[in-house]
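**Q** Pasting model07.txt below, which is compact mmCIF, C-alpha atoms.
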# COMPACT_ATOMS: atom_id res chain seq x y z
CA MET N 781 0.00 0.00 0.00
CA GLU N 782 1.45 3.35 -1.04
CA LEU N 783 0.65 6.15 1.42
CA PHE N 784 2.94 8.71 -0.17
CA LYS N 785 4.21 9.26 -3.68
CA LYS N 786 7.67 7.92 -4.32
CA GLU N 787 8.91 11.46 -4.79
CA THR N 788 6.90 14.34 -3.39
CA ASN N 789 7.24 17.94 -4.50
CA ILE N 790 6.32 19.98 -1.45
CA ASP N 791 7.62 23.54 -1.30
CA PHE N 792 8.79 23.53 2.32
CA LEU N 793 10.83 26.71 2.18
CA SER N 794 7.87 28.76 0.97
CA LYS N 795 6.47 28.37 4.50
CA GLN N 796 9.74 29.24 6.24
CA TRP N 797 8.60 32.62 7.60
CA LEU N 798 5.40 31.13 9.01
CA THR N 799 7.20 28.24 10.65
CA LEU N 800 10.03 30.46 11.89
CA GLY N 801 7.44 32.81 13.36
CA VAL N 802 5.69 29.98 15.19
CA SER N 803 9.03 28.73 16.47
CA VAL N 804 10.03 32.20 17.73
CA VAL N 805 6.69 32.59 19.52
CA LEU N 806 7.01 29.17 21.18
CA VAL N 807 10.62 29.78 22.22
CA LEU N 808 9.79 33.22 23.67
CA ALA N 809 6.77 31.74 25.48
CA THR N 810 9.01 29.03 26.92
CA ILE N 811 11.61 31.53 28.13
CA ALA N 812 8.91 33.74 29.64
CA SER N 813 7.26 30.81 31.42
CA LEU N 814 10.57 29.54 32.82
CA ALA N 815 11.51 33.06 33.96
CA LEU N 816 8.17 33.67 35.69
CA LYS N 817 8.24 30.26 37.43
CA GLY N 818 11.90 30.41 38.41
CA GLY N 819 12.95 27.61 36.07
CA PRO N 820 11.56 24.15 35.39
CA LYS N 821 9.46 22.36 37.98
CA TRP N 822 11.98 19.78 39.12
CA GLY N 823 10.71 16.46 40.44
CA ILE N 824 11.76 15.00 43.77
CA ASP N 825 14.59 13.20 41.93
CA PHE N 826 16.26 16.60 41.52
CA ARG N 827 15.07 18.78 44.39
CA GLY N 828 15.16 16.16 47.13
CA GLY N 829 12.21 14.74 49.00
CA ALA N 830 10.25 11.61 49.85
CA LEU N 831 7.92 9.58 47.66
CA VAL N 832 5.65 7.02 49.35
CA TYR N 833 3.87 4.55 47.05
CA VAL N 834 0.65 3.34 48.67
CA LYS N 835 -1.60 0.62 47.25
CA PHE N 836 -5.35 0.69 47.94
CA ALA N 837 -7.75 -2.17 47.35
CA GLN N 838 -10.49 0.23 46.27
CA GLN N 839 -10.32 3.51 44.39
CA PRO N 840 -8.34 5.73 46.77
CA PRO N 841 -9.97 8.85 48.20
CA VAL N 842 -7.32 11.29 46.97
CA ASP N 843 -8.80 14.42 48.56
CA GLU N 844 -9.12 12.74 51.94
CA ILE N 845 -5.58 11.35 51.73
CA ARG N 846 -4.26 14.80 50.90
CA ARG N 847 -6.18 16.30 53.83
CA VAL N 848 -4.98 13.85 56.48
CA VAL N 849 -1.35 13.91 55.27
CA SER N 850 -1.25 17.72 54.97
CA ALA N 851 -2.51 17.98 58.55
CA THR N 852 0.65 16.26 59.81
CA LEU N 853 3.26 17.73 57.44
CA GLN N 854 4.45 21.25 56.79
CA GLY N 855 5.06 22.40 53.26
CA GLU N 856 3.75 21.18 49.93
CA VAL N 857 2.23 17.70 49.72
CA ASN N 858 1.52 16.11 46.33
CA VAL N 859 -0.93 13.21 46.03
CA THR N 860 -1.37 11.58 42.64
CA THR N 861 -2.83 8.28 41.46
CA SER N 862 -1.56 5.84 38.87
CA GLN N 863 -3.37 2.78 37.53
CA GLU N 864 -1.04 -0.14 38.22
CA THR N 865 -2.26 -2.52 35.50
CA ALA N 866 -4.85 -2.48 32.77
CA THR N 867 -6.72 -5.41 34.32
CA SER N 868 -6.46 -4.51 38.01
CA LYS N 869 -9.09 -2.39 39.73
CA ALA N 870 -6.67 -1.50 42.51
CA GLU N 871 -4.93 1.84 42.24
CA GLU N 872 -1.71 3.19 43.64
CA VAL N 873 -1.33 6.56 45.29
CA ILE N 874 1.98 8.41 45.19
CA ILE N 875 2.45 10.81 48.08
CA GLY N 876 5.31 13.25 47.63
CA THR N 877 6.78 15.85 49.93
CA GLU N 878 10.01 17.80 50.07
CA ALA N 879 12.22 18.62 53.03
CA LYS N 880 15.36 20.66 53.69
CA ASP N 881 17.51 17.98 55.29
CA GLU N 882 17.82 14.23 55.79
CA LYS N 883 16.33 14.30 59.29
CA ALA N 884 13.22 16.10 58.06
CA LEU N 885 12.86 13.59 55.21
CA ASP N 886 12.97 10.65 57.58
CA GLN N 887 10.42 12.33 59.83
CA ALA N 888 8.16 13.00 56.82
CA ARG N 889 8.24 9.33 55.91
CA TYR N 890 7.02 8.28 59.35
CA SER N 891 4.47 11.09 59.51
CA ILE N 892 2.89 9.95 56.24
CA ALA N 893 2.72 6.34 57.46
CA HIS N 894 1.18 7.33 60.80
CA ALA N 895 -1.37 9.63 59.17
CA LEU N 896 -2.52 6.82 56.88
CA GLU N 897 -2.66 4.36 59.77
CA ASP N 898 -4.81 6.68 61.86
CA LYS N 899 -7.35 7.16 59.07
CA PHE N 900 -7.24 3.93 57.05
CA GLY N 901 -5.45 1.50 59.39
CA ALA N 902 -6.47 -1.82 60.92
CA PRO N 903 -8.61 -1.91 64.08
CA LYS N 904 -6.71 -0.78 67.16
CA GLY N 905 -4.82 -3.50 68.96
CA LYS N 906 -4.63 -5.83 65.99
CA LEU N 907 -1.73 -6.58 63.68
CA ASP N 908 -2.17 -5.10 60.20
CA LEU N 909 -1.61 -7.98 57.78
CA ASN N 910 -1.43 -5.64 54.79
CA ASN N 911 1.67 -3.89 56.11
CA ALA N 912 3.26 -6.49 58.39
CA GLY N 913 6.40 -8.48 57.66
CA GLN N 914 6.95 -12.19 58.13
CA GLN N 915 8.60 -11.94 61.55
CA ALA N 916 5.88 -9.64 62.90
CA VAL N 917 3.19 -12.08 61.78
CA ALA N 918 5.05 -15.02 63.31
CA ASP N 919 5.56 -13.22 66.62
CA ARG N 920 1.90 -12.21 66.85
CA LEU N 921 0.51 -15.66 66.02
CA ARG N 922 3.06 -17.78 67.90
CA GLU N 923 1.28 -17.99 71.25
CA PRO N 924 -2.32 -18.31 69.94
CA LEU N 925 -1.33 -21.06 67.48
CA GLN N 926 0.70 -22.96 70.07
CA ARG N 927 -2.21 -22.70 72.47
CA VAL N 928 -4.55 -24.51 70.05
CA GLY N 929 -1.86 -26.87 68.79
CA ALA N 930 -1.97 -25.52 65.23
CA VAL N 931 1.85 -25.45 64.91
CA THR N 932 4.40 -27.79 66.43
CA SER N 933 7.68 -26.03 65.64
CA GLU N 934 9.14 -22.62 64.94
CA GLN N 935 9.85 -23.64 61.36
CA ASP N 936 6.18 -24.52 60.83
CA LEU N 937 5.22 -21.11 62.18
CA GLN N 938 7.65 -19.30 59.89
CA ASN N 939 6.49 -21.30 56.86
CA LEU N 940 2.87 -20.49 57.63
CA ALA N 941 3.59 -16.75 57.98
CA ALA N 942 5.60 -16.76 54.74
CA ALA N 943 2.80 -18.58 52.88
CA MET N 944 0.16 -16.06 53.98
CA LEU N 945 2.28 -13.06 53.01
CA ALA N 946 3.23 -14.67 49.68
CA TYR N 947 -0.48 -15.11 48.95
CA ARG N 948 -1.08 -11.47 49.86
CA ASP N 949 1.70 -10.18 47.60
CA LYS N 950 1.36 -12.52 44.61
CA GLU N 951 -2.35 -13.35 44.48
CA ARG N 952 -3.81 -10.12 45.87
CA SER N 953 -1.24 -7.61 44.58
CA GLY N 954 -0.15 -6.73 48.11
CA VAL N 955 -3.55 -5.82 49.56
CA LEU N 956 -6.05 -8.18 51.23
CA THR N 957 -9.63 -6.96 51.42
CA ASN N 958 -10.94 -9.72 53.72
CA LEU N 959 -9.21 -12.11 56.10
CA ASP N 960 -11.33 -14.96 54.73
CA GLU N 961 -9.23 -14.79 51.56
CA LEU N 962 -6.47 -16.56 53.51
CA LYS N 963 -8.56 -19.73 53.76
CA SER N 964 -7.20 -20.82 50.39
CA VAL N 965 -3.60 -20.69 51.62
CA PRO N 966 -2.10 -24.17 52.22
CA GLY N 967 -1.76 -24.81 55.95
CA VAL N 968 -4.43 -22.34 57.01
CA THR N 969 -6.77 -24.62 58.94
CA PRO N 970 -9.93 -23.49 60.78
CA ALA N 971 -7.85 -23.28 63.98
CA VAL N 972 -5.27 -21.08 62.24
CA MET N 973 -8.01 -18.96 60.73
CA GLY N 974 -9.55 -18.42 64.15
CA ALA N 975 -6.23 -17.19 65.55
CA VAL N 976 -5.70 -14.89 62.56
CA GLN N 977 -9.14 -13.32 62.91
CA GLN N 978 -8.58 -12.85 66.63
CA GLU N 979 -5.13 -11.26 66.39
CA CYS N 980 -5.01 -9.58 63.00
CA GLY N 981 -6.86 -6.95 61.01
CA LEU N 982 -6.58 -5.28 57.63
CA ALA N 983 -5.82 -1.70 56.73
CA LYS N 984 -7.37 -0.32 53.56
CA PHE N 985 -3.90 0.28 52.16
CA ALA N 986 -0.41 -1.14 51.90
CA ILE N 987 2.79 0.90 51.69
CA ARG N 988 4.58 -0.65 48.73
CA GLN N 989 7.70 1.45 48.39
CA VAL N 990 9.41 4.50 49.86
CA GLU N 991 11.93 6.58 47.93
CA ILE N 992 14.01 9.20 49.70
CA VAL N 993 16.36 11.59 47.90
CA GLY N 994 18.33 14.04 49.99
CA PRO N 995 18.50 17.71 48.89
CA LYS N 996 22.23 17.47 48.16
CA ALA N 997 21.80 14.29 46.13
CA GLY N 998 18.93 15.93 44.24
CA ALA N 999 21.06 18.97 43.40
CA ASP N 1000 23.88 16.68 42.22
CA LEU N 1001 21.46 14.76 39.99
CA ARG N 1002 20.20 18.02 38.52
CA ILE N 1003 23.72 19.14 37.65
CA GLN N 1004 24.57 15.73 36.20
CA ALA N 1005 21.44 15.75 34.04
CA LEU N 1006 22.27 19.20 32.65
CA MET N 1007 25.89 18.16 32.06
CA ALA N 1008 24.78 14.99 30.26
CA THR N 1009 22.63 17.09 27.93
CA MET N 1010 25.42 19.62 27.30
CA PHE N 1011 28.00 16.89 26.63
CA ALA N 1012 25.60 15.24 24.19
CA LEU N 1013 25.14 18.53 22.31
CA GLY N 1014 28.90 19.23 22.34
CA GLY N 1015 29.73 15.77 21.01
CA MET N 1016 27.21 16.14 18.19
CA LEU N 1017 28.60 19.57 17.28
CA VAL N 1018 32.12 18.15 16.96
CA TYR N 1019 30.92 15.13 14.94
CA ILE N 1020 28.84 17.12 12.47
CA ALA N 1021 31.52 19.79 12.10
CA PHE N 1022 34.01 17.01 11.26
CA ARG N 1023 31.70 15.20 8.85
CA PHE N 1024 30.19 18.25 7.15
CA GLU N 1025 31.19 21.81 8.06
CA LEU N 1026 31.31 23.85 11.24
CA ILE N 1027 28.31 25.90 10.15
CA ALA N 1028 26.35 22.67 9.68
CA GLY N 1029 27.27 21.58 13.21
CA VAL N 1030 26.14 24.91 14.64
CA ALA N 1031 22.87 24.71 12.68
CA ALA N 1032 22.21 21.18 13.94
CA VAL N 1033 22.84 22.15 17.58
CA VAL N 1034 20.57 25.21 17.22
CA ALA N 1035 17.85 22.96 15.82
CA ILE N 1036 18.27 20.50 18.72
CA ILE N 1037 18.14 23.30 21.30
CA HIS N 1038 14.99 24.58 19.58
CA ASP N 1039 13.29 21.16 19.78
CA THR N 1040 14.35 20.52 23.38
CA LEU N 1041 13.52 24.01 24.62
CA ILE N 1042 10.00 23.94 23.22
CA THR N 1043 9.44 20.48 24.75
CA VAL N 1044 10.57 21.79 28.14
CA GLY N 1045 8.22 24.70 27.52
CA PHE N 1046 5.22 22.37 27.35
CA PHE N 1047 6.19 20.95 30.74
CA SER N 1048 6.46 24.47 32.13
CA TRP N 1049 3.16 25.68 30.66
CA PHE N 1050 1.22 22.72 32.00
CA ASP N 1051 3.09 22.74 35.34
CA ARG N 1052 4.47 19.21 34.91
CA GLU N 1053 7.49 17.97 36.83
CA ILE N 1054 10.77 17.09 35.15
CA ASN N 1055 12.26 13.93 36.65
CA LEU N 1056 14.86 11.37 35.59
CA THR N 1057 12.43 9.69 33.20
CA ILE N 1058 11.78 13.01 31.44
CA ILE N 1059 15.53 13.67 31.14
CA ALA N 1060 15.89 10.27 29.45
CA ALA N 1061 13.03 11.21 27.11
CA LEU N 1062 14.71 14.53 26.26
CA LEU N 1063 17.97 12.76 25.44
CA THR N 1064 15.99 10.42 23.20
CA LEU N 1065 14.41 13.45 21.53
CA ILE N 1066 17.89 14.87 20.92
CA GLY N 1067 18.93 11.58 19.32
CA TYR N 1068 15.97 11.51 16.93
CA SER N 1069 16.38 15.20 16.08
CA ILE N 1070 20.06 14.85 15.21
CA ASN N 1071 19.32 11.73 13.17
CA ASP N 1072 16.79 13.59 11.01
CA THR N 1073 19.17 16.53 10.67
CA ILE N 1074 22.07 14.38 9.48
CA VAL N 1075 19.84 12.58 6.95
CA VAL N 1076 18.82 15.91 5.40
CA PHE N 1077 22.35 17.35 5.51
CA ASP N 1078 23.73 14.24 3.84
CA ARG N 1079 21.18 14.45 1.01
CA VAL N 1080 21.93 18.17 0.53
CA ARG N 1081 25.66 17.42 0.30
CA GLU N 1082 25.08 14.67 -2.27
CA ASN N 1083 22.83 16.90 -4.39
CA LEU N 1084 25.36 19.76 -4.30
CA LYS N 1085 27.78 17.51 -6.17
CA THR N 1086 25.34 16.72 -9.00
CA MET N 1087 23.10 19.82 -9.03
CA ALA N 1088 25.62 22.57 -8.33
CA ARG N 1089 23.90 25.02 -10.69
CA MET N 1090 20.52 24.64 -9.01
CA LYS N 1091 19.46 27.52 -6.74
CA LEU N 1092 19.99 26.64 -3.09
CA PRO N 1093 16.31 26.97 -1.96
CA VAL N 1094 15.22 24.66 -4.78
CA LEU N 1095 17.99 22.19 -3.98
CA VAL N 1096 17.11 22.17 -0.24
CA ASN N 1097 13.43 21.59 -1.03
CA LYS N 1098 14.32 18.74 -3.34
CA SER N 1099 16.63 17.20 -0.70
CA ILE N 1100 13.93 17.32 2.01
CA ASN N 1101 11.37 15.79 -0.35
CA GLN N 1102 13.80 13.02 -1.21
Once you've parsed the file, please lay out its structure as structure tokens.
**A**
Amino acid sequence: MELFKKETNIDFLSKQWLTLGVSVVLVLATIASLALKGGPKWGIDFRGGALVYVKFAQQPPVDEIRRVVSATLQGEVNVTTSQETATSKAEEVIIGTEAKDEKALDQARYSIAHALEDKFGAPKGKLDLNNAGQQAVADRLREPLQRVGAVTSEQDLQNLAAAMLAYRDKERSGVLTNLDELKSVPGVTPAVMGAVQQECGLAKFAIRQVEIVGPKAGADLRIQALMATMFALGGMLVYIAFRFELIAGVAAVVAIIHDTLITVGFFSWFDREINLTIIAALLTLIGYSINDTIVVFDRVRENLKTMARMKLPVLVNKSINQ
């Protein structure tokens, strides 16, 4: 199936003033936005802070989570949701906060956990099976299970605790909604189930992961990301100047800066954070941009050898069409 003619004849350069005008407007808008907002909105990866990933069995009440967490923390608190899988109804909440030093970050981590426990935690006095580890489960169930003769050795107890938590993590994506779900776990007899229901409860959430980046480490990452981008541009300038001409290298770098700057502008206009993933995407954008540029430059150079008498705008148009 042929979507395009084998050789098009589009007059690209006839639209150069329109496209240059649009580019100038977008670049100026980007610079203005970055100036007014004090630069890009760096993510926690770069400014330092804590990210707590919390899994809920039901659709999480984002506004309520933000309210209870903000009541215990000073400063800005970000609460966002992300669908974990296309087939899972459970959603994950990402709670982010920033702090000025390592001590404050560690305190923020515990404050977030305690705020969630107070609002969405298991019944008071019971062990939360959604957030407990294997040893905590074993310690809580040891005496009740020994009392009814459900386990005969410490190894049996540890195996039972490991089996229940493995079921929670693998079969229920880390969050149990009802203790009765454990009845399908091998080794969970009616006697074991009775002890579990007596000693344990379930929070409506499970803390899946905590990421902490110190302010100094965040600043170092920011500098490294900027240096990686600058080194990439410098290397491309040298390569293109060697393969073509210096003016071609300068033109290619200007084009790359144009593409990257406008992309950063979209993040600034829509108040989106720039994190490590976005930096990787920008470097990918630079790679694609330079690839397209070299393809066009190479075709222009080839045509200059065979169509030297052709006017340059016509030759450039022909090269782009090719």
**Q** Which residues of stretch 989-1076 of chain N have any atom within 8 Å of an atom in stretch 826-844 of chain N when counting all atoms listed in the file, and what is the closest pair of atoms for each, with the distance in Å to one decimal? Order the rows by chain and rising number and write it as JSON lines.
**A**
{"residue": "N:Gln989", "atom": "CA", "partner": "N:Tyr833", "partner_atom": "CA", "distance": 5.1}
{"residue": "N:Val990", "atom": "CA", "partner": "N:Val832", "partner_atom": "CA", "distance": 4.6}
{"residue": "N:Glu991", "atom": "CA", "partner": "N:Leu831", "partner_atom": "CA", "distance": 5.0}
{"residue": "N:Ile992", "atom": "CA", "partner": "N:Ala830", "partner_atom": "CA", "distance": 4.5}
{"residue": "N:Val993", "atom": "CA", "partner": "N:Gly828", "partner_atom": "CA", "distance": 4.8}
{"residue": "N:Gly994", "atom": "CA", "partner": "N:Gly828", "partner_atom": "CA", "distance": 4.8}
{"residue": "N:Pro995", "atom": "CA", "partner": "N:Gly828", "partner_atom": "CA", "distance": 4.1}
{"residue": "N:Lys996", "atom": "CA", "partner": "N:Gly828", "partner_atom": "CA", "distance": 7.3}
{"residue": "N:Ala997", "atom": "CA", "partner": "N:Gly828", "partner_atom": "CA", "distance": 7.0}
{"residue": "N:Gly998", "atom": "CA", "partner": "N:Phe826", "partner_atom": "CA", "distance": 3.9}
{"residue": "N:Ala999", "atom": "CA", "partner": "N:Phe826", "partner_atom": "CA", "distance": 5.7}
{"residue": "N:Asp1000", "atom": "CA", "partner": "N:Phe826", "partner_atom": "CA", "distance": 7.7}
{"residue": "N:Leu1001", "atom": "CA", "partner": "N:Phe826", "partner_atom": "CA", "distance": 5.7}
{"residue": "N:Arg1002", "atom": "CA", "partner": "N:Phe826", "partner_atom": "CA", "distance": 5.2}
{"residue": "N:Asn1055", "atom": "CA", "partner": "N:Phe826", "partner_atom": "CA", "distance": 6.8}
**Q** Print the selection's residues with C-alpha atoms to a file, as a PDB file, in the frame of the given file.
**A**
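Heads up, here's the output in again30.pdb:
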ATOM      1  CA  GLN N 989       7.700   1.450  48.390  1.00  0.00           C
ATOM      2  CA  VAL N 990       9.410   4.500  49.860  1.00  0.00           C
ATOM      3  CA  GLU N 991      11.930   6.580  47.930  1.00  0.00           C
ATOM      4  CA  ILE N 992      14.010   9.200  49.700  1.00  0.00           C
ATOM      5  CA  VAL N 993      16.360  11.590  47.900  1.00  0.00           C
ATOM      6  CA  GLY N 994      18.330  14.040  49.990  1.00  0.00           C
ATOM      7  CA  PRO N 995      18.500  17.710  48.890  1.00  0.00           C
ATOM      8  CA  LYS N 996      22.230  17.470  48.160  1.00  0.00           C
ATOM      9  CA  ALA N 997      21.800  14.290  46.130  1.00  0.00           C
ATOM     10  CA  GLY N 998      18.930  15.930  44.240  1.00  0.00           C
ATOM     11  CA  ALA N 999      21.060  18.970  43.400  1.00  0.00           C
ATOM     12  CA  ASP N1000      23.880  16.680  42.220  1.00  0.00           C
ATOM     13  CA  LEU N1001      21.460  14.760  39.990  1.00  0.00           C
ATOM     14  CA  ARG N1002      20.200  18.020  38.520  1.00  0.00           C
ATOM     15  CA  ASN N1055      12.260  13.930  36.650  1.00  0.00           C
TER      16      ASN N1055
END
**Q** To one decimal in Å, tell me the separation between atom CA of N:Leu907 and atom CA of N:Ala975.
**A**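 Rounded to one decimal, the two atoms are 11.7 Å apart.
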**Q** Using all atoms listed in the file, can you tell me which of N:Met1016, N:Phe1046, N:Ile1066, N:Phe1024 comes closest to N:Arg1079?
**A**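 Answer, going by the shortest atom-to-atom distance: N:Phe1024.
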**Q** Give the answer as one residue: which of N:Gly1029, N:Gly901, N:Pro924, N:Gly1014 has the shortest atom-to-atom distance to N:Gln977, using only C-alpha atoms?
**A** N:Pro924
**Q** Under the rule that all atoms listed in the file are counted, which of N:Ala884, N:Leu925, N:Ala941, N:Ala1012 is the nearest residue to N:Leu1065?
**A**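 For N:Leu1065, the nearest of the candidates is N:Ala1012.
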**Q** Extract, using all atoms listed in the file, all DNA, RNA and protein residues at most 7 Å from N:Asn858, discarding same-chain residues fewer than 4 positions from it, and format them as a PyMOL selection string.
**A** chain N and resi 875-877
**Q** For the residues selected in the previous step, produce a file with C-alpha atoms as a PDB file, in the frame of the given file.
**A**
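Saved result, selection_27.pdb, follows:
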ATOM      1  CA  ILE N 875       2.450  10.810  48.080  1.00  0.00           C
ATOM      2  CA  GLY N 876       5.310  13.250  47.630  1.00  0.00           C
ATOM      3  CA  THR N 877       6.780  15.850  49.930  1.00  0.00           C
TER       4      THR N 877
END
**Q** Between N:Val1094, N:Leu962, N:Leu1056, N:Ile1037, which has the minimum distance to N:Ser1069 (counting all atoms listed in the file)?
**A** N:Ile1037
**Q** What does the distance from atom CA of N:Ile1100 to atom CA of N:Val1080 come to in Å, to one decimal?
**A**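 Separation of atom CA of N:Ile1100 and atom CA of N:Val1080: 8.2 Å.
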**Q** For N:Val965, which residue among N:Arg1023, N:Lys1085, N:Lys950, N:Lys984 is the nearest when counting only C-alpha atoms?
**A**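 Once distances to N:Val965 are computed over only C-alpha atoms, the minimum belongs to N:Lys950.
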**Q** Give me, as JSON, numbers by chain, all polymer residues having an atom no more than 12 Å from N:Val931, counting only C-alpha atoms and skipping those fewer than 2 positions away in the same chain.
**A** {"N": [918, 921, 922, 923, 924, 925, 926, 927, 928, 929, 933, 934, 935, 936, 937, 938, 939, 940, 941, 967, 968, 969, 971, 972, 975]}
**Q** Smallest atom-to-atom distance to N:Ala895: which of N:Lys795, N:Arg847, N:Arg920, N:Arg1089, using only C-alpha atoms?
**A**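 Nearest to N:Ala895: N:Arg847.
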**Q** Near stretch 801-804 of chain N, within 10 Å and counting all atoms listed in the file, which residues show up once chain neighbours fewer than 5 positions away are dropped, as a JSON list (two decimals) with C-alpha atoms, in the coordinates of the input?
**A**
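Contents of around.json, as written:
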[["chain", "number", "residue", "atom", "x", "y", "z"],
["N", 795, "LYS", "CA", 6.47, 28.37, 4.50],
["N", 796, "GLN", "CA", 9.74, 29.24, 6.24],
["N", 809, "ALA", "CA", 6.77, 31.74, 25.48],
["N", 810, "THR", "CA", 9.01, 29.03, 26.92],
["N", 1038, "HIS", "CA", 14.99, 24.58, 19.58],
["N", 1039, "ASP", "CA", 13.29, 21.16, 19.78],
["N", 1042, "ILE", "CA", 10.00, 23.94, 23.22]]
**Q** Please measure the separation of atom CA of N:Gln914 and atom CA of N:Ala946, giving the value in Å to one decimal.
**A** 9.6 Å
**Q** Would you pick out the contacts of N:Arg1052 at 9 Å or less, using all atoms listed in the file, so that residues sharing its chain but fewer than 2 positions from it are not included, and give the list as a PyMOL selection string?
**A** chain N and resi 820-823+1046-1050+1054
**Q** Tell me which protein, DNA and RNA residues are within 12 Å of N:Asp1078, counting all atoms listed in the file, leaving out same-chain ones fewer than 5 positions away, and put them as JSON, numbers by chain.
**A** {"N": [1020, 1023, 1024, 1025, 1028, 1070, 1071, 1072, 1073, 1083, 1084, 1085, 1096, 1099, 1100, 1102]}
